[in-house]
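Participant: Please find one structure pasted underneath; my questions will follow.
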Amino acid sequence: MLEREIDKVTGWLQEQVDAANANGLVVGVSGGIDSAVAAALIKRAFPDRSLGLILPISSDPQDAADARLVVEKLGLAYAEMDLTEEHAKMLAKVWDALNQQYASSGLNRRSADANLRARLRMCALYTAANALDYLVVGTDNKAEYYTGYFTKYGDGACDLLPLVEFTKGEVYAMAKILGIPEQIIVKKPSAGLWAGQTDEGEMGTTYAMIDAFLSGQRIPDPDREIIERMHERSRHKRSLPAAYRRHTV
């Protein structure tokens with residue numbers, strides 16, 4: 001079943017690139033399961049016109065090592081750019097400007113820091129994509145998209161979402177079919193937003209619960225409430241910006 005879906009997604013990626021008159025595909029490779037599967041798919045779709053970018057920002061060195069393991073196993077062309085300095089400079093400028101007026105009000109520094117990482121990475125991906133005339137591939141799966149567990153205009157900014165119809169469990173199953181290294185498959189999901197951060201710890205529920213909910217199964221009320229609340233609060237992430245419309249009489 002999933003083997004057929006992999007073939008369909010591969011063909012869909014090819015169709016999207018042809019329709020856009022683009023040359024190929026680029027994806028950010030984080031060392032996690034979703035980006036590994038996305039990387040495998042773009043390599044299948046465009047063996048000689050696909051690129052992985054490894055973009056550490058004050059990251060755990062193991063993440064970059066895992067990302068290199070993935071691209072080397074797949075034979076995917078890749079480049080690595082450390083954006084730690086750019087991230088630090090941007091934060092310093094913003095904190096300096098805001099502290100002059102808002103120092104006493106308290107700033108949500110951790111959230112701003114974490115989301116800036118995702119947005120800087122997407123800037124790098126789109127710069128590379130523009131230079132090569134490639135399309136940017138996102139890595140969000142069905143669970144992440146439904147709950148809004150992605151950064152608006154960060155990892156949520158992309159041209160194509162090949163995994164958005166697949167649950168986290170299906171992504172793991174696809175990874176095994178696609179030959180993703182075992183150490184990536186068993187790795188605890190993390191967006192690498194800060195030291196010790198994990199997806200499930202931040203969300204307050206598990207991917208297994210979200211997958212079950214999306215499959216129509218009954219789950220404990222506390223988990224259901226978390227998932228529904230995340231979905232509602234993140235509605236704006238899945239929509240175009242709200243725009244004022246003039247009405248003539």
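Residues in the structure tokens are named by chain (A, B, ... in the order shown) and by number from 1 within that chain; ligands are numbered from 1 in the order shown.
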I'd like the contact shell of region 52-56 of chain A - 9 Å cut-off, only C-alpha atoms, skipping same-chain residues fewer than 6 positions apart - returned as an MDAnalysis selection string.
Facilitator: chainID A and resid 25:31 39 63:64 67:68 71 76:84 117 121 124:125 128
Participant: Out of region 64-124 of chain A, which residues get alpha helix (DSSP H) from DSSP, as a PDB file with N, CA and C atoms, in the first residue's frame?
Facilitator:
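Output below, filename states23.pdb:
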```pdb
ATOM      1  N   ALA A  64      23.393  17.544  12.828  1.00  0.00           N
ATOM      2  CA  ALA A  64      24.061  17.723  11.538  1.00  0.00           C
ATOM      3  C   ALA A  64      24.708  16.412  11.087  1.00  0.00           C
ATOM      4  N   ALA A  65      25.255  15.668  12.037  1.00  0.00           N
ATOM      5  CA  ALA A  65      25.852  14.371  11.701  1.00  0.00           C
ATOM      6  C   ALA A  65      24.788  13.421  11.167  1.00  0.00           C
ATOM      7  N   ASP A  66      23.612  13.433  11.787  1.00  0.00           N
ATOM      8  CA  ASP A  66      22.515  12.595  11.320  1.00  0.00           C
ATOM      9  C   ASP A  66      22.046  13.027   9.937  1.00  0.00           C
ATOM     10  N   ALA A  67      21.993  14.334   9.711  1.00  0.00           N
ATOM     11  CA  ALA A  67      21.585  14.847   8.396  1.00  0.00           C
ATOM     12  C   ALA A  67      22.577  14.416   7.325  1.00  0.00           C
ATOM     13  N   ARG A  68      23.873  14.484   7.641  1.00  0.00           N
ATOM     14  CA  ARG A  68      24.875  14.039   6.663  1.00  0.00           C
ATOM     15  C   ARG A  68      24.747  12.544   6.395  1.00  0.00           C
ATOM     16  N   LEU A  69      24.443  11.778   7.436  1.00  0.00           N
ATOM     17  CA  LEU A  69      24.240  10.342   7.271  1.00  0.00           C
ATOM     18  C   LEU A  69      23.112  10.075   6.281  1.00  0.00           C
ATOM     19  N   VAL A  70      22.032  10.851   6.391  1.00  0.00           N
ATOM     20  CA  VAL A  70      20.869  10.670   5.501  1.00  0.00           C
ATOM     21  C   VAL A  70      21.235  10.975   4.049  1.00  0.00           C
ATOM     22  N   VAL A  71      21.807  12.147   3.808  1.00  0.00           N
ATOM     23  CA  VAL A  71      22.078  12.532   2.419  1.00  0.00           C
ATOM     24  C   VAL A  71      23.131  11.626   1.784  1.00  0.00           C
ATOM     25  N   GLU A  72      24.101  11.201   2.576  1.00  0.00           N
ATOM     26  CA  GLU A  72      25.129  10.317   2.031  1.00  0.00           C
ATOM     27  C   GLU A  72      24.570   8.935   1.733  1.00  0.00           C
ATOM     28  N   LYS A  73      23.671   8.458   2.585  1.00  0.00           N
ATOM     29  CA  LYS A  73      23.031   7.163   2.340  1.00  0.00           C
ATOM     30  C   LYS A  73      22.173   7.220   1.077  1.00  0.00           C
ATOM     31  N   LEU A  74      21.496   8.342   0.877  1.00  0.00           N
ATOM     32  CA  LEU A  74      20.621   8.497  -0.286  1.00  0.00           C
ATOM     33  C   LEU A  74      21.386   8.846  -1.561  1.00  0.00           C
ATOM     34  N   THR A  84      24.482  30.104  12.522  1.00  0.00           N
ATOM     35  CA  THR A  84      24.520  30.538  13.922  1.00  0.00           C
ATOM     36  C   THR A  84      24.863  32.017  14.050  1.00  0.00           C
ATOM     37  N   GLU A  85      25.841  32.476  13.297  1.00  0.00           N
ATOM     38  CA  GLU A  85      26.269  33.873  13.387  1.00  0.00           C
ATOM     39  C   GLU A  85      25.165  34.819  12.928  1.00  0.00           C
ATOM     40  N   GLU A  86      24.506  34.476  11.823  1.00  0.00           N
ATOM     41  CA  GLU A  86      23.429  35.311  11.300  1.00  0.00           C
ATOM     42  C   GLU A  86      22.266  35.383  12.293  1.00  0.00           C
ATOM     43  N   HIS A  87      21.974  34.248  12.913  1.00  0.00           N
ATOM     44  CA  HIS A  87      20.901  34.180  13.909  1.00  0.00           C
ATOM     45  C   HIS A  87      21.230  35.065  15.114  1.00  0.00           C
ATOM     46  N   ALA A  88      22.450  34.962  15.587  1.00  0.00           N
ATOM     47  CA  ALA A  88      22.857  35.747  16.751  1.00  0.00           C
ATOM     48  C   ALA A  88      22.824  37.244  16.462  1.00  0.00           C
ATOM     49  N   LYS A  89      23.269  37.630  15.281  1.00  0.00           N
ATOM     50  CA  LYS A  89      23.277  39.046  14.924  1.00  0.00           C
ATOM     51  C   LYS A  89      21.857  39.599  14.816  1.00  0.00           C
ATOM     52  N   MET A  90      20.978  38.844  14.213  1.00  0.00           N
ATOM     53  CA  MET A  90      19.599  39.298  14.070  1.00  0.00           C
ATOM     54  C   MET A  90      18.945  39.461  15.445  1.00  0.00           C
ATOM     55  N   LEU A  91      19.118  38.454  16.311  1.00  0.00           N
ATOM     56  CA  LEU A  91      18.540  38.546  17.653  1.00  0.00           C
ATOM     57  C   LEU A  91      19.089  39.743  18.411  1.00  0.00           C
ATOM     58  N   ALA A  92      20.382  39.976  18.323  1.00  0.00           N
ATOM     59  CA  ALA A  92      21.007  41.085  19.046  1.00  0.00           C
ATOM     60  C   ALA A  92      20.421  42.416  18.601  1.00  0.00           C
ATOM     61  N   LYS A  93      20.208  42.554  17.305  1.00  0.00           N
ATOM     62  CA  LYS A  93      19.646  43.801  16.783  1.00  0.00           C
ATOM     63  C   LYS A  93      18.202  43.998  17.266  1.00  0.00           C
ATOM     64  N   VAL A  94      17.437  42.921  17.225  1.00  0.00           N
ATOM     65  CA  VAL A  94      16.038  43.020  17.649  1.00  0.00           C
ATOM     66  C   VAL A  94      15.941  43.303  19.142  1.00  0.00           C
ATOM     67  N   TRP A  95      16.723  42.560  19.963  1.00  0.00           N
ATOM     68  CA  TRP A  95      16.669  42.785  21.408  1.00  0.00           C
ATOM     69  C   TRP A  95      17.093  44.212  21.743  1.00  0.00           C
ATOM     70  N   ASP A  96      18.111  44.704  21.058  1.00  0.00           N
ATOM     71  CA  ASP A  96      18.599  46.056  21.325  1.00  0.00           C
ATOM     72  C   ASP A  96      17.518  47.088  21.022  1.00  0.00           C
ATOM     73  N   ALA A  97      16.826  46.887  19.895  1.00  0.00           N
ATOM     74  CA  ALA A  97      15.775  47.829  19.512  1.00  0.00           C
ATOM     75  C   ALA A  97      14.581  47.749  20.465  1.00  0.00           C
ATOM     76  N   LEU A  98      14.159  46.544  20.816  1.00  0.00           N
ATOM     77  CA  LEU A  98      12.982  46.388  21.666  1.00  0.00           C
ATOM     78  C   LEU A  98      13.246  46.777  23.113  1.00  0.00           C
ATOM     79  N   ASN A  99      14.447  46.491  23.589  1.00  0.00           N
ATOM     80  CA  ASN A  99      14.750  46.785  24.993  1.00  0.00           C
ATOM     81  C   ASN A  99      14.661  48.278  25.307  1.00  0.00           C
ATOM     82  N   GLN A 100      14.819  49.092  24.282  1.00  0.00           N
ATOM     83  CA  GLN A 100      14.748  50.535  24.499  1.00  0.00           C
ATOM     84  C   GLN A 100      13.337  50.978  24.885  1.00  0.00           C
ATOM     85  N   GLN A 101      12.328  50.219  24.456  1.00  0.00           N
ATOM     86  CA  GLN A 101      10.951  50.617  24.741  1.00  0.00           C
ATOM     87  C   GLN A 101      10.163  49.595  25.559  1.00  0.00           C
ATOM     88  N   TYR A 102      10.556  48.330  25.457  1.00  0.00           N
ATOM     89  CA  TYR A 102       9.735  47.281  26.055  1.00  0.00           C
ATOM     90  C   TYR A 102      10.461  46.448  27.112  1.00  0.00           C
ATOM     91  N   ARG A 109      11.331  35.761  24.629  1.00  0.00           N
ATOM     92  CA  ARG A 109      12.604  35.578  23.928  1.00  0.00           C
ATOM     93  C   ARG A 109      12.764  34.163  23.364  1.00  0.00           C
ATOM     94  N   ARG A 110      12.351  33.141  24.124  1.00  0.00           N
ATOM     95  CA  ARG A 110      12.579  31.782  23.648  1.00  0.00           C
ATOM     96  C   ARG A 110      11.780  31.487  22.379  1.00  0.00           C
ATOM     97  N   SER A 111      10.539  31.907  22.353  1.00  0.00           N
ATOM     98  CA  SER A 111       9.712  31.682  21.176  1.00  0.00           C
ATOM     99  C   SER A 111      10.248  32.452  19.974  1.00  0.00           C
ATOM    100  N   ALA A 112      10.616  33.707  20.181  1.00  0.00           N
ATOM    101  CA  ALA A 112      11.141  34.518  19.082  1.00  0.00           C
ATOM    102  C   ALA A 112      12.445  33.932  18.555  1.00  0.00           C
ATOM    103  N   ASP A 113      13.300  33.502  19.461  1.00  0.00           N
ATOM    104  CA  ASP A 113      14.570  32.863  19.102  1.00  0.00           C
ATOM    105  C   ASP A 113      14.318  31.608  18.272  1.00  0.00           C
ATOM    106  N   ALA A 114      13.432  30.742  18.756  1.00  0.00           N
ATOM    107  CA  ALA A 114      13.176  29.466  18.095  1.00  0.00           C
ATOM    108  C   ALA A 114      12.579  29.657  16.708  1.00  0.00           C
ATOM    109  N   ASN A 115      11.608  30.548  16.589  1.00  0.00           N
ATOM    110  CA  ASN A 115      10.957  30.750  15.298  1.00  0.00           C
ATOM    111  C   ASN A 115      11.863  31.459  14.302  1.00  0.00           C
ATOM    112  N   LEU A 116      12.763  32.307  14.804  1.00  0.00           N
ATOM    113  CA  LEU A 116      13.723  32.943  13.902  1.00  0.00           C
ATOM    114  C   LEU A 116      14.620  31.889  13.254  1.00  0.00           C
ATOM    115  N   ARG A 117      14.962  30.853  13.979  1.00  0.00           N
ATOM    116  CA  ARG A 117      15.788  29.781  13.406  1.00  0.00           C
ATOM    117  C   ARG A 117      15.100  29.178  12.179  1.00  0.00           C
ATOM    118  N   ALA A 118      13.818  28.861  12.345  1.00  0.00           N
ATOM    119  CA  ALA A 118      13.087  28.264  11.220  1.00  0.00           C
ATOM    120  C   ALA A 118      12.979  29.236  10.055  1.00  0.00           C
ATOM    121  N   ARG A 119      12.795  30.503  10.342  1.00  0.00           N
ATOM    122  CA  ARG A 119      12.644  31.484   9.267  1.00  0.00           C
ATOM    123  C   ARG A 119      13.966  31.764   8.556  1.00  0.00           C
ATOM    124  N   LEU A 120      15.062  31.757   9.280  1.00  0.00           N
ATOM    125  CA  LEU A 120      16.369  31.923   8.633  1.00  0.00           C
ATOM    126  C   LEU A 120      16.669  30.733   7.726  1.00  0.00           C
ATOM    127  N   ARG A 121      16.333  29.544   8.187  1.00  0.00           N
ATOM    128  CA  ARG A 121      16.554  28.358   7.355  1.00  0.00           C
ATOM    129  C   ARG A 121      15.749  28.439   6.069  1.00  0.00           C
ATOM    130  N   MET A 122      14.504  28.903   6.176  1.00  0.00           N
ATOM    131  CA  MET A 122      13.691  28.995   4.985  1.00  0.00           C
ATOM    132  C   MET A 122      14.219  30.068   4.041  1.00  0.00           C
ATOM    133  N   CYS A 123      14.775  31.143   4.581  1.00  0.00           N
ATOM    134  CA  CYS A 123      15.414  32.152   3.723  1.00  0.00           C
ATOM    135  C   CYS A 123      16.556  31.527   2.925  1.00  0.00           C
ATOM    136  N   ALA A 124      17.356  30.712   3.579  1.00  0.00           N
ATOM    137  CA  ALA A 124      18.465  30.051   2.898  1.00  0.00           C
ATOM    138  C   ALA A 124      17.954  29.093   1.827  1.00  0.00           C
TER     139      ALA A 124
END
```
